[in-house]
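Enquirer: Pasting data-v6.cif below, which is mmCIF, C-alpha atoms and all ligand atoms.
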```cif
data_target
#
loop_
_atom_site.group_PDB
_atom_site.id
_atom_site.type_symbol
_atom_site.label_atom_id
_atom_site.label_comp_id
_atom_site.auth_asym_id
_atom_site.auth_seq_id
_atom_site.Cartn_x
_atom_site.Cartn_y
_atom_site.Cartn_z
ATOM 1 C CA MET A 1 0.000 0.000 0.000
ATOM 2 C CA ALA A 2 1.271 3.387 -0.901
ATOM 3 C CA HIS A 3 1.424 6.326 1.441
ATOM 4 C CA ARG A 4 2.254 9.774 0.179
ATOM 5 C CA LYS A 5 2.105 13.015 2.118
ATOM 6 C CA ILE A 6 1.747 16.506 0.671
ATOM 7 C CA LYS A 7 1.524 19.907 2.323
ATOM 8 C CA VAL A 8 -1.024 22.480 1.196
ATOM 9 C CA GLY A 9 -0.145 25.587 3.197
ATOM 10 C CA ARG A 10 -0.695 24.590 6.816
ATOM 11 C CA VAL A 11 -2.724 21.510 5.880
ATOM 12 C CA THR A 12 -1.189 18.025 5.719
ATOM 13 C CA VAL A 13 -2.766 15.656 3.206
ATOM 14 C CA HIS A 14 -2.005 11.936 3.426
ATOM 15 C CA ILE A 15 -2.819 9.909 0.338
ATOM 16 C CA VAL A 16 -3.688 6.426 1.564
ATOM 17 C CA ASP A 17 -5.330 3.650 -0.403
ATOM 18 C CA ASP A 18 -7.660 0.706 -0.290
ATOM 19 C CA GLY A 19 -5.467 -1.242 -2.701
ATOM 20 C CA GLN A 20 -6.075 -1.680 -6.409
ATOM 21 C CA VAL A 21 -8.845 -3.450 -8.288
ATOM 22 C CA TRP A 22 -9.495 -4.353 -11.947
ATOM 23 C CA THR A 23 -12.439 -2.801 -13.724
ATOM 24 C CA ASP A 24 -13.798 -3.109 -17.259
ATOM 25 C CA ALA A 25 -12.503 -0.379 -19.570
ATOM 26 C CA GLY A 26 -15.997 0.115 -21.030
ATOM 27 C CA GLY A 27 -17.086 1.692 -17.762
ATOM 28 C CA LEU A 28 -14.339 4.289 -17.757
ATOM 29 C CA PHE A 29 -14.348 5.204 -21.441
ATOM 30 C CA GLY A 30 -18.026 4.829 -22.336
ATOM 31 C CA LEU A 31 -18.543 5.893 -25.956
ATOM 32 C CA VAL A 32 -14.857 6.432 -26.715
ATOM 33 C CA PRO A 33 -13.606 3.806 -29.214
ATOM 34 C CA LYS A 34 -10.879 1.547 -27.897
ATOM 35 C CA ARG A 35 -8.747 2.558 -30.897
ATOM 36 C CA LEU A 36 -8.539 6.039 -29.385
ATOM 37 C CA TRP A 37 -8.145 5.372 -25.666
ATOM 38 C CA SER A 38 -5.724 2.456 -26.122
ATOM 39 C CA ARG A 39 -3.127 4.934 -27.356
ATOM 40 C CA PHE A 40 -2.878 6.185 -23.768
ATOM 41 C CA VAL A 41 -3.955 3.317 -21.541
ATOM 42 C CA THR A 42 -3.242 -0.409 -21.713
ATOM 43 C CA ALA A 43 -5.951 -2.893 -20.785
ATOM 44 C CA ASP A 44 -5.346 -6.544 -19.915
ATOM 45 C CA ALA A 45 -6.520 -9.513 -22.042
ATOM 46 C CA GLU A 46 -10.006 -9.224 -20.525
ATOM 47 C CA ASN A 47 -10.201 -5.505 -21.351
ATOM 48 C CA ARG A 48 -9.749 -4.562 -17.709
ATOM 49 C CA LEU A 49 -7.842 -1.605 -16.334
ATOM 50 C CA PRO A 50 -5.920 -1.408 -13.072
ATOM 51 C CA THR A 51 -7.865 0.990 -10.882
ATOM 52 C CA ALA A 52 -6.443 2.727 -7.834
ATOM 53 C CA LEU A 53 -8.682 3.219 -4.788
ATOM 54 C CA ARG A 54 -7.122 6.299 -3.193
ATOM 55 C CA CYS A 55 -8.524 7.934 -0.097
ATOM 56 C CA LEU A 56 -7.222 10.931 1.861
ATOM 57 C CA VAL A 57 -6.605 11.835 5.443
ATOM 58 C CA ILE A 58 -6.618 15.616 5.726
ATOM 59 C CA GLU A 59 -5.201 17.170 8.897
ATOM 60 C CA SER A 60 -6.601 20.665 9.293
ATOM 61 C CA GLN A 61 -7.192 22.775 12.393
ATOM 62 C CA GLY A 62 -7.165 19.793 14.743
ATOM 63 C CA GLN A 63 -9.552 17.746 12.591
ATOM 64 C CA ARG A 64 -8.606 14.495 10.875
ATOM 65 C CA ILE A 65 -10.825 14.061 7.866
ATOM 66 C CA LEU A 66 -10.942 10.769 5.983
ATOM 67 C CA VAL A 67 -12.223 11.211 2.438
ATOM 68 C CA ASP A 68 -13.849 8.004 1.140
ATOM 69 C CA THR A 69 -13.363 4.500 2.519
ATOM 70 C CA GLY A 70 -12.690 2.346 -0.568
ATOM 71 C CA TYR A 71 -14.429 -0.941 -1.417
ATOM 72 C CA GLY A 72 -14.244 -2.558 2.005
ATOM 73 C CA ASP A 73 -14.628 -6.324 2.291
ATOM 74 C CA LYS A 74 -18.369 -6.995 2.328
ATOM 75 C CA MET A 75 -18.614 -8.023 -1.328
ATOM 76 C CA THR A 76 -19.359 -11.647 -2.292
ATOM 77 C CA PRO A 77 -16.477 -13.992 -3.208
ATOM 78 C CA ARG A 78 -17.627 -13.776 -6.839
ATOM 79 C CA VAL A 79 -17.409 -9.967 -6.917
ATOM 80 C CA ARG A 80 -14.083 -10.189 -5.101
ATOM 81 C CA GLU A 81 -12.783 -12.438 -7.838
ATOM 82 C CA ILE A 82 -14.066 -10.128 -10.624
ATOM 83 C CA LEU A 83 -12.272 -7.215 -8.930
ATOM 84 C CA GLY A 84 -9.070 -9.237 -8.660
ATOM 85 C CA LEU A 85 -8.919 -9.091 -4.854
ATOM 86 C CA GLY A 86 -7.267 -12.106 -3.243
ATOM 87 C CA PRO A 87 -8.885 -13.653 -0.138
ATOM 88 C CA ASP A 88 -5.990 -12.391 1.980
ATOM 89 C CA GLN A 89 -6.310 -8.769 0.796
ATOM 90 C CA ARG A 90 -8.551 -7.606 3.615
ATOM 91 C CA ASP A 91 -8.706 -4.420 5.684
ATOM 92 C CA ARG A 92 -6.534 -2.719 3.078
ATOM 93 C CA LEU A 93 -7.536 0.804 4.063
ATOM 94 C CA LEU A 94 -7.057 0.168 7.786
ATOM 95 C CA HIS A 95 -3.545 -1.125 7.041
ATOM 96 C CA SER A 96 -2.763 1.952 4.912
ATOM 97 C CA LEU A 97 -4.049 4.213 7.665
ATOM 98 C CA ALA A 98 -1.875 2.409 10.207
ATOM 99 C CA GLU A 99 1.157 2.877 7.942
ATOM 100 C CA ALA A 100 0.376 6.588 7.841
ATOM 101 C CA GLY A 101 0.158 6.600 11.632
ATOM 102 C CA PHE A 102 -3.617 6.641 12.154
ATOM 103 C CA GLY A 103 -5.791 4.275 14.120
ATOM 104 C CA PRO A 104 -9.559 4.041 13.506
ATOM 105 C CA GLU A 105 -10.266 6.113 16.630
ATOM 106 C CA ASP A 106 -8.151 9.015 15.307
ATOM 107 C CA ILE A 107 -10.628 9.921 12.542
ATOM 108 C CA ASP A 108 -13.002 12.814 13.381
ATOM 109 C CA ILE A 109 -14.888 13.108 10.088
ATOM 110 C CA VAL A 110 -15.459 10.692 7.218
ATOM 111 C CA LEU A 111 -16.619 12.422 4.051
ATOM 112 C CA ASN A 112 -17.980 10.333 1.174
ATOM 113 C CA THR A 113 -17.597 11.910 -2.278
ATOM 114 C CA HIS A 114 -20.638 9.789 -3.166
ATOM 115 C CA LEU A 115 -22.122 6.444 -2.159
ATOM 116 C CA HIS A 116 -21.003 4.142 -4.978
ATOM 117 C CA ALA A 117 -19.602 0.918 -3.520
ATOM 118 C CA ASP A 118 -15.946 1.663 -4.335
ATOM 119 C CA HIS A 119 -16.117 4.889 -2.290
ATOM 120 C CA CYS A 120 -18.024 3.855 0.823
ATOM 121 C CA GLY A 121 -17.618 0.080 1.116
ATOM 122 C CA GLY A 122 -15.313 0.645 4.083
ATOM 123 C CA ASN A 123 -17.922 2.808 5.862
ATOM 124 C CA THR A 124 -19.110 -0.269 7.743
ATOM 125 C CA ARG A 125 -17.843 -3.718 8.661
ATOM 126 C CA PRO A 126 -19.165 -6.711 10.592
ATOM 127 C CA SER A 127 -18.589 -6.439 14.328
ATOM 128 C CA GLU A 128 -17.492 -9.316 16.514
ATOM 129 C CA GLY A 129 -20.371 -11.165 18.098
ATOM 130 C CA PRO A 130 -23.037 -13.744 17.332
ATOM 131 C CA ASP A 131 -25.022 -11.894 14.633
ATOM 132 C CA SER A 132 -22.061 -9.702 13.514
ATOM 133 C CA PRO A 133 -24.142 -6.575 12.932
ATOM 134 C CA LEU A 134 -22.544 -3.985 10.643
ATOM 135 C CA VAL A 135 -20.915 -1.103 12.504
ATOM 136 C CA PRO A 136 -18.816 1.935 11.543
ATOM 137 C CA PRO A 137 -15.123 1.020 11.961
ATOM 138 C CA PHE A 138 -14.313 4.633 12.869
ATOM 139 C CA PRO A 139 -15.946 4.851 16.308
ATOM 140 C CA ARG A 140 -15.650 8.618 16.904
ATOM 141 C CA ALA A 141 -16.257 9.817 13.351
ATOM 142 C CA THR A 142 -19.218 11.668 11.982
ATOM 143 C CA TYR A 143 -19.893 10.612 8.391
ATOM 144 C CA TRP A 144 -20.806 13.490 6.069
ATOM 145 C CA VAL A 145 -23.011 12.592 3.109
ATOM 146 C CA GLN A 146 -24.840 14.832 0.641
ATOM 147 C CA ARG A 147 -28.619 14.847 1.017
ATOM 148 C CA TRP A 148 -29.455 14.091 -2.637
ATOM 149 C CA GLU A 149 -26.764 11.433 -2.809
ATOM 150 C CA LEU A 150 -28.316 9.712 0.200
ATOM 151 C CA ALA A 151 -31.741 9.960 -1.434
ATOM 152 C CA ASP A 152 -30.519 8.481 -4.725
ATOM 153 C CA ALA A 153 -28.619 5.727 -2.898
ATOM 154 C CA SER A 154 -31.646 4.922 -0.743
ATOM 155 C CA PHE A 155 -33.908 4.530 -3.784
ATOM 156 C CA PRO A 156 -31.643 3.100 -6.496
ATOM 157 C CA ASP A 157 -32.946 2.475 -10.013
ATOM 158 C CA GLU A 158 -32.301 -0.428 -12.378
ATOM 159 C CA ARG A 159 -28.962 1.040 -13.362
ATOM 160 C CA THR A 160 -27.625 2.134 -9.970
ATOM 161 C CA ARG A 161 -28.817 -0.907 -8.010
ATOM 162 C CA GLY A 162 -25.504 -2.669 -8.647
ATOM 163 C CA THR A 163 -23.465 -0.051 -6.778
ATOM 164 C CA TYR A 164 -25.716 1.569 -4.151
ATOM 165 C CA PHE A 165 -25.959 -0.752 -1.145
ATOM 166 C CA SER A 166 -27.775 0.318 2.017
ATOM 167 C CA GLU A 167 -25.349 -1.778 4.110
ATOM 168 C CA ASN A 168 -22.769 0.944 3.403
ATOM 169 C CA PHE A 169 -24.787 3.810 4.911
ATOM 170 C CA GLN A 170 -27.845 2.645 6.872
ATOM 171 C CA PRO A 171 -25.802 1.388 9.873
ATOM 172 C CA LEU A 172 -24.292 4.895 10.173
ATOM 173 C CA ALA A 173 -27.704 6.369 10.875
ATOM 174 C CA GLN A 174 -28.462 3.564 13.350
ATOM 175 C CA ALA A 175 -25.187 4.330 15.158
ATOM 176 C CA GLY A 176 -26.024 8.049 15.288
ATOM 177 C CA GLN A 177 -22.910 8.851 13.236
ATOM 178 C CA LEU A 178 -24.498 10.120 10.016
ATOM 179 C CA ARG A 179 -24.527 13.830 9.173
ATOM 180 C CA VAL A 180 -26.545 14.768 6.114
ATOM 181 C CA VAL A 181 -25.310 17.945 4.412
ATOM 182 C CA ASP A 182 -26.963 19.926 1.650
ATOM 183 C CA GLY A 183 -24.750 21.595 -0.943
ATOM 184 C CA ASP A 184 -21.258 23.065 -0.625
ATOM 185 C CA VAL A 185 -20.064 22.959 2.974
ATOM 186 C CA TRP A 186 -16.980 23.893 4.997
ATOM 187 C CA LEU A 187 -15.368 21.150 7.087
ATOM 188 C CA THR A 188 -12.776 23.539 8.547
ATOM 189 C CA ASP A 189 -11.688 27.056 7.497
ATOM 190 C CA GLU A 190 -9.256 25.357 5.084
ATOM 191 C CA VAL A 191 -11.262 22.425 3.742
ATOM 192 C CA ARG A 192 -14.556 22.456 1.886
ATOM 193 C CA ALA A 193 -16.764 20.101 -0.042
ATOM 194 C CA TRP A 194 -17.715 21.312 -3.532
ATOM 195 C CA VAL A 195 -20.745 19.699 -5.149
ATOM 196 C CA THR A 196 -19.636 18.624 -8.633
ATOM 197 C CA PRO A 197 -22.563 16.858 -10.324
ATOM 198 C CA GLY A 198 -22.538 14.579 -13.361
ATOM 199 C CA HIS A 199 -21.106 11.289 -12.151
ATOM 200 C CA THR A 200 -23.991 11.354 -9.682
ATOM 201 C CA ARG A 201 -26.517 14.094 -9.006
ATOM 202 C CA SER A 202 -24.647 15.460 -5.991
ATOM 203 C CA HIS A 203 -21.144 14.037 -6.161
ATOM 204 C CA GLN A 204 -18.738 16.199 -4.134
ATOM 205 C CA CYS A 205 -15.050 17.013 -4.577
ATOM 206 C CA VAL A 206 -12.914 18.163 -1.644
ATOM 207 C CA VAL A 207 -11.036 21.458 -1.913
ATOM 208 C CA ILE A 208 -8.101 22.378 0.348
ATOM 209 C CA GLU A 209 -6.982 26.039 0.477
ATOM 210 C CA SER A 210 -4.369 27.382 2.882
ATOM 211 C CA GLU A 211 -1.817 30.207 2.786
ATOM 212 C CA GLY A 212 -2.267 30.793 -0.947
ATOM 213 C CA GLU A 213 -1.898 27.116 -1.890
ATOM 214 C CA SER A 214 -4.689 24.866 -3.062
ATOM 215 C CA ALA A 215 -5.491 21.296 -3.997
ATOM 216 C CA ILE A 216 -8.570 19.332 -5.005
ATOM 217 C CA PHE A 217 -9.491 15.680 -4.553
ATOM 218 C CA LEU A 218 -11.418 14.928 -7.725
ATOM 219 C CA GLY A 219 -13.202 11.711 -6.792
ATOM 220 C CA ASP A 220 -15.221 10.463 -9.747
ATOM 221 C CA ALA A 221 -15.769 13.959 -11.184
ATOM 222 C CA VAL A 222 -12.474 13.221 -13.003
ATOM 223 C CA PRO A 223 -11.306 9.716 -12.028
ATOM 224 C CA TRP A 224 -8.368 9.554 -14.479
ATOM 225 C CA ALA A 225 -6.126 12.386 -15.687
ATOM 226 C CA ILE A 226 -6.780 11.724 -19.392
ATOM 227 C CA LEU A 227 -10.480 12.519 -18.846
ATOM 228 C CA LEU A 228 -9.579 16.068 -17.826
ATOM 229 C CA GLU A 229 -7.561 16.579 -21.005
ATOM 230 C CA ARG A 230 -10.439 15.358 -23.186
ATOM 231 C CA LEU A 231 -13.710 16.950 -22.125
ATOM 232 C CA ALA A 232 -15.880 14.719 -24.325
ATOM 233 C CA TRP A 233 -14.502 11.528 -22.747
ATOM 234 C CA VAL A 234 -17.083 10.761 -20.084
ATOM 235 C CA PRO A 235 -17.369 7.438 -18.230
ATOM 236 C CA ALA A 236 -20.361 5.214 -18.928
ATOM 237 C CA TYR A 237 -20.954 5.221 -15.168
ATOM 238 C CA ASP A 238 -21.922 8.909 -15.147
ATOM 239 C CA VAL A 239 -25.656 9.457 -14.745
ATOM 240 C CA GLU A 240 -25.620 12.937 -16.333
ATOM 241 C CA PRO A 241 -22.827 12.965 -18.954
ATOM 242 C CA LEU A 242 -23.469 16.490 -20.263
ATOM 243 C CA VAL A 243 -23.401 17.809 -16.704
ATOM 244 C CA SER A 244 -20.087 15.967 -16.210
ATOM 245 C CA ILE A 245 -18.599 17.963 -19.087
ATOM 246 C CA ARG A 246 -19.807 21.244 -17.588
ATOM 247 C CA THR A 247 -18.383 20.250 -14.201
ATOM 248 C CA LYS A 248 -15.002 19.435 -15.775
ATOM 249 C CA LYS A 249 -14.925 22.915 -17.357
ATOM 250 C CA GLN A 250 -15.628 24.488 -13.960
ATOM 251 C CA ILE A 251 -12.885 22.429 -12.323
ATOM 252 C CA ILE A 252 -10.384 23.452 -15.033
ATOM 253 C CA ALA A 253 -11.328 27.132 -14.647
ATOM 254 C CA TRP A 254 -10.867 26.995 -10.868
ATOM 255 C CA ALA A 255 -7.737 24.820 -10.869
ATOM 256 C CA THR A 256 -5.879 26.885 -13.463
ATOM 257 C CA HIS A 257 -6.817 30.159 -11.756
ATOM 258 C CA TYR A 258 -5.433 28.990 -8.404
ATOM 259 C CA HIS A 259 -2.630 26.730 -9.758
ATOM 260 C CA ALA A 260 -4.153 23.937 -7.737
ATOM 261 C CA ARG A 261 -2.735 20.476 -7.371
ATOM 262 C CA LEU A 262 -5.099 17.772 -8.576
ATOM 263 C CA ILE A 263 -5.414 14.505 -6.666
ATOM 264 C CA PHE A 264 -6.814 11.665 -8.758
ATOM 265 C CA GLN A 265 -8.637 8.824 -7.044
ATOM 266 C CA HIS A 266 -8.579 6.026 -9.625
ATOM 267 C CA ASP A 267 -5.711 6.798 -12.063
ATOM 268 C CA PRO A 268 -3.098 4.071 -11.482
ATOM 269 C CA GLU A 269 -0.214 6.300 -12.679
ATOM 270 C CA VAL A 270 -1.116 9.880 -11.845
ATOM 271 C CA ASP A 271 -1.854 10.378 -8.162
ATOM 272 C CA VAL A 272 -1.026 14.094 -8.007
ATOM 273 C CA GLY A 273 -0.823 16.417 -11.009
ATOM 274 C CA THR A 274 -1.301 19.956 -12.194
ATOM 275 C CA LEU A 275 -2.720 21.541 -15.337
ATOM 276 C CA VAL A 276 -0.296 23.142 -17.772
ATOM 277 C CA ALA A 277 -1.036 24.871 -21.085
ATOM 278 C CA SER A 278 0.267 23.138 -24.198
ATOM 279 C CA ASP A 279 -0.651 24.053 -27.798
ATOM 280 C CA GLY A 280 -3.791 25.872 -26.714
ATOM 281 C CA LYS A 281 -4.983 22.929 -24.584
ATOM 282 C CA TRP A 282 -4.727 21.983 -20.937
ATOM 283 C CA ILE A 283 -2.767 18.872 -20.171
ATOM 284 C CA VAL A 284 -2.130 17.197 -16.824
ATOM 285 C CA ARG A 285 1.475 17.086 -15.713
ATOM 286 C CA HIS A 286 2.204 14.359 -13.190
ATOM 287 C CA LEU A 287 3.878 15.631 -10.007
ATOM 288 C CA PRO A 288 5.734 12.576 -8.730
ATOM 289 C CA GLU A 289 6.919 12.336 -5.146
HETATM 290 ZN ZN ZN B 301 -15.257 5.375 -8.221
#
```
Represent the structure of the file as structure tokens.
Expert:
Amino acid sequence: MAHRKIKVGRVTVHIVDDGQVWTDAGGLFGLVPKRLWSRFVTADAENRLPTALRCLVIESQGQRILVDTGYGDKMTPRVREILGLGPDQRDRLLHSLAEAGFGPEDIDIVLNTHLHADHCGGNTRPSEGPDSPLVPPFPRATYWVQRWELADASFPDERTRGTYFSENFQPLAQAGQLRVVDGDVWLTDEVRAWVTPGHTRSHQCVVIESEGESAIFLGDAVPWAILLERLAWVPAYDVEPLVSIRTKKQIIAWATHYHARLIFQHDPEVDVGTLVASDGKWIVRHLPE
């Protein structure tokens, strides 16, 4: 598991991960012909792409904010196999957090960018005991979820039923640890959630701004760097593809104005990057450690 730490002004951002899974390239590239995307990205023999599951711990003003919780371990053995997760690859996020120096009780806030299974699967886990009820593994944390995201996840349709699972959020409410927020919201004076719709109706990115520096965790608004360079390339997963394009334009306008660092959640190569102008276009330059 990787652990990378960056400073944004006074804020410390730890990039931790829930491991890596394999996902079908059709989901990421949607309508884009393989002839085009395969010039930039290599799929395996089954047309799958390696997919990072990055999460953040943001330390700001005494708060430790965990952004997203990965896939967790509640999936069936069949789904586990499809994702390429071995039976021994369990508690990946908790191990990454431990490597970064955090125990579960250290987390004050968990913020979910949205409630798709690869972003909130680690929100809950079976407890010890006879019936092993699902409980939040972060005992002190309040979990912040957007109101419309919770509504859409609570009443999934034929298309979203395969990724919205109540086991990932209902136990939070039962434990009294769920905080429903509505629209853009400040977590501290330096950290805010920015509603960036398209992938889902109220997907949220996380913006960090301190002492003139800024960074954004893009979540699934822009899961891979190449999708920021090509506005028309929109994942098949997105429920409102035209809104996704508008959101990407807004992110580019903000990020170039403030010279922000971009943190990508799923790109296996580019974890942190920045936008630079090249031949009248914006391209993402990787900022390696
Ligand atoms: Zn995702």
Enquirer: For the file shown, report as an MDAnalysis selection string the outcome of the PyMOL selection byres (((chain A and resi 212-227) around 6) and not hetatm) at residue level.
Expert: chainID A and resid 8:9 205:211 228:230 233 260:267
Enquirer: Could the residues in this selection be saved with C-alpha atoms as a compact mmCIF listing (two decimals), keeping the file's coordinate frame?
Expert:
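Written file, result31.txt:
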```txt
# COMPACT_ATOMS: atom_id res chain seq x y z
CA VAL A 8 -1.02 22.48 1.20
CA GLY A 9 -0.14 25.59 3.20
CA CYS A 205 -15.05 17.01 -4.58
CA VAL A 206 -12.91 18.16 -1.64
CA VAL A 207 -11.04 21.46 -1.91
CA ILE A 208 -8.10 22.38 0.35
CA GLU A 209 -6.98 26.04 0.48
CA SER A 210 -4.37 27.38 2.88
CA GLU A 211 -1.82 30.21 2.79
CA LEU A 228 -9.58 16.07 -17.83
CA GLU A 229 -7.56 16.58 -21.00
CA ARG A 230 -10.44 15.36 -23.19
CA TRP A 233 -14.50 11.53 -22.75
CA ALA A 260 -4.15 23.94 -7.74
CA ARG A 261 -2.74 20.48 -7.37
CA LEU A 262 -5.10 17.77 -8.58
CA ILE A 263 -5.41 14.50 -6.67
CA PHE A 264 -6.81 11.66 -8.76
CA GLN A 265 -8.64 8.82 -7.04
CA HIS A 266 -8.58 6.03 -9.62
CA ASP A 267 -5.71 6.80 -12.06
```
Enquirer: Convert the output of the PyMOL selection byres (((not hetatm)) within 10 of (chain B and resi 301)) on the shown file into explicit residues, formatted as a PDB file with C-alpha atoms, in the coordinates of the input.
Expert:
```
ATOM      1  CA  LEU A  28     -14.339   4.289 -17.757  1.00  0.00           C
ATOM      2  CA  THR A  51      -7.865   0.990 -10.882  1.00  0.00           C
ATOM      3  CA  ALA A  52      -6.443   2.727  -7.834  1.00  0.00           C
ATOM      4  CA  LEU A  53      -8.682   3.219  -4.788  1.00  0.00           C
ATOM      5  CA  ARG A  54      -7.122   6.299  -3.193  1.00  0.00           C
ATOM      6  CA  ASP A  68     -13.849   8.004   1.140  1.00  0.00           C
ATOM      7  CA  GLY A  70     -12.690   2.346  -0.568  1.00  0.00           C
ATOM      8  CA  TYR A  71     -14.429  -0.941  -1.417  1.00  0.00           C
ATOM      9  CA  THR A 113     -17.597  11.910  -2.278  1.00  0.00           C
ATOM     10  CA  HIS A 114     -20.638   9.789  -3.166  1.00  0.00           C
ATOM     11  CA  LEU A 115     -22.122   6.444  -2.159  1.00  0.00           C
ATOM     12  CA  HIS A 116     -21.003   4.142  -4.978  1.00  0.00           C
ATOM     13  CA  ALA A 117     -19.602   0.918  -3.520  1.00  0.00           C
ATOM     14  CA  ASP A 118     -15.946   1.663  -4.335  1.00  0.00           C
ATOM     15  CA  HIS A 119     -16.117   4.889  -2.290  1.00  0.00           C
ATOM     16  CA  CYS A 120     -18.024   3.855   0.823  1.00  0.00           C
ATOM     17  CA  THR A 163     -23.465  -0.051  -6.778  1.00  0.00           C
ATOM     18  CA  HIS A 199     -21.106  11.289 -12.151  1.00  0.00           C
ATOM     19  CA  GLY A 219     -13.202  11.711  -6.792  1.00  0.00           C
ATOM     20  CA  ASP A 220     -15.221  10.463  -9.747  1.00  0.00           C
ATOM     21  CA  ALA A 221     -15.769  13.959 -11.184  1.00  0.00           C
ATOM     22  CA  VAL A 222     -12.474  13.221 -13.003  1.00  0.00           C
ATOM     23  CA  PRO A 223     -11.306   9.716 -12.028  1.00  0.00           C
ATOM     24  CA  TYR A 237     -20.954   5.221 -15.168  1.00  0.00           C
ATOM     25  CA  GLN A 265      -8.637   8.824  -7.044  1.00  0.00           C
ATOM     26  CA  HIS A 266      -8.579   6.026  -9.625  1.00  0.00           C
TER      27      HIS A 266
END
```
Enquirer: I'd like the residues picked by the PyMOL selection byres (((chain A and resi 25) around 10) and not hetatm) written out as a PyMOL selection string, using the chain letters and numbers from the file.
Expert: chain A and resi 22-24+26-30+34+37-38+41-44+46-51+235-236
Enquirer: Please provide the set of residues having any atom within 10 Å of Pro77 in chain A, restricted to all atoms listed in the file, with same-chain residues fewer than 5 positions apart removed, written as a PDB file with C-alpha atoms, keeping the file's coordinate frame.
Expert:
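Result file part-v8.pdb:
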```pdb
ATOM      1  CA  ILE A  82     -14.066 -10.128 -10.624  1.00  0.00           C
ATOM      2  CA  LEU A  83     -12.272  -7.215  -8.930  1.00  0.00           C
ATOM      3  CA  LEU A  85      -8.919  -9.091  -4.854  1.00  0.00           C
ATOM      4  CA  GLY A  86      -7.267 -12.106  -3.243  1.00  0.00           C
ATOM      5  CA  PRO A  87      -8.885 -13.653  -0.138  1.00  0.00           C
TER       6      PRO A  87
END
```
Enquirer: Would you mind telling me which residue in A:Gly280, A:Pro136, A:Pro156, A:Gly198 lies nearest to Pro171 in chain A when using all atoms listed in the file?
Expert: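 Selected residue with least distance to Pro171 in chain A: A:Pro136.
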Enquirer: Write out as a PyMOL selection string each polymer residue whose atoms come within 12 Å of Gln174 in chain A, counting only C-alpha atoms; drop sequence neighbours fewer than 4 positions from it.
Expert: chain A and resi 124+133-136+166-170+178-179
Enquirer: Measuring between all atoms listed in the file, which one of A:Leu94, A:Val16, A:Ile245, A:Val79 shows the shortest distance to Ala232 in chain A?
Expert: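 Residue with the minimum atom-to-atom distance to Ala232 in chain A: A:Ile245.
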Enquirer: Which value, in Å to one decimal, gives the distance between CA of His259 in chain A and CA of Gly62 in chain A?
Expert: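 Going from CA of His259 in chain A over to CA of Gly62 in chain A, I get 25.9 Å.
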Enquirer: To one decimal place in Å, what is the distance between CA of His14 in chain A and CA of Leu111 in chain A?
Expert: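 CA of Leu111 in chain A lies 14.6 Å from CA of His14 in chain A.
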Enquirer: Provide range 169-181 of chain A of the preceding structure as a file containing N, CA and C atoms, as a short mmCIF file (atom, residue, chain, number, x, y, z; two decimals), in the first residue's frame.
Expert:
```cif
data_model
loop_
_atom_site.label_atom_id
_atom_site.label_comp_id
_atom_site.auth_asym_id
_atom_site.auth_seq_id
_atom_site.Cartn_x
_atom_site.Cartn_y
_atom_site.Cartn_z
N PHE A 169 -24.44 2.53 4.27
CA PHE A 169 -24.79 3.81 4.91
C PHE A 169 -25.87 3.70 5.99
N GLN A 170 -26.78 2.73 5.86
CA GLN A 170 -27.85 2.64 6.87
C GLN A 170 -27.31 2.44 8.30
N PRO A 171 -26.31 1.57 8.50
CA PRO A 171 -25.80 1.39 9.87
C PRO A 171 -25.23 2.67 10.48
N LEU A 172 -24.83 3.63 9.64
CA LEU A 172 -24.29 4.89 10.17
C LEU A 172 -25.39 5.66 10.88
N ALA A 173 -26.57 5.67 10.27
CA ALA A 173 -27.70 6.37 10.88
C ALA A 173 -28.09 5.67 12.18
N GLN A 174 -28.10 4.32 12.13
CA GLN A 174 -28.46 3.56 13.35
C GLN A 174 -27.48 3.84 14.49
N ALA A 175 -26.20 4.07 14.13
CA ALA A 175 -25.19 4.33 15.16
C ALA A 175 -25.17 5.80 15.59
N GLY A 176 -26.01 6.62 14.96
CA GLY A 176 -26.02 8.05 15.29
C GLY A 176 -24.80 8.78 14.78
N GLN A 177 -24.16 8.25 13.74
CA GLN A 177 -22.91 8.85 13.24
C GLN A 177 -23.05 9.46 11.85
N LEU A 178 -24.29 9.58 11.36
CA LEU A 178 -24.50 10.12 10.02
C LEU A 178 -24.85 11.60 10.09
N ARG A 179 -24.17 12.42 9.29
CA ARG A 179 -24.53 13.83 9.17
C ARG A 179 -24.87 14.12 7.72
N VAL A 180 -26.10 14.50 7.48
CA VAL A 180 -26.54 14.77 6.11
C VAL A 180 -26.33 16.25 5.83
N VAL A 181 -25.58 16.55 4.77
CA VAL A 181 -25.31 17.95 4.41
C VAL A 181 -25.98 18.25 3.08
#
```
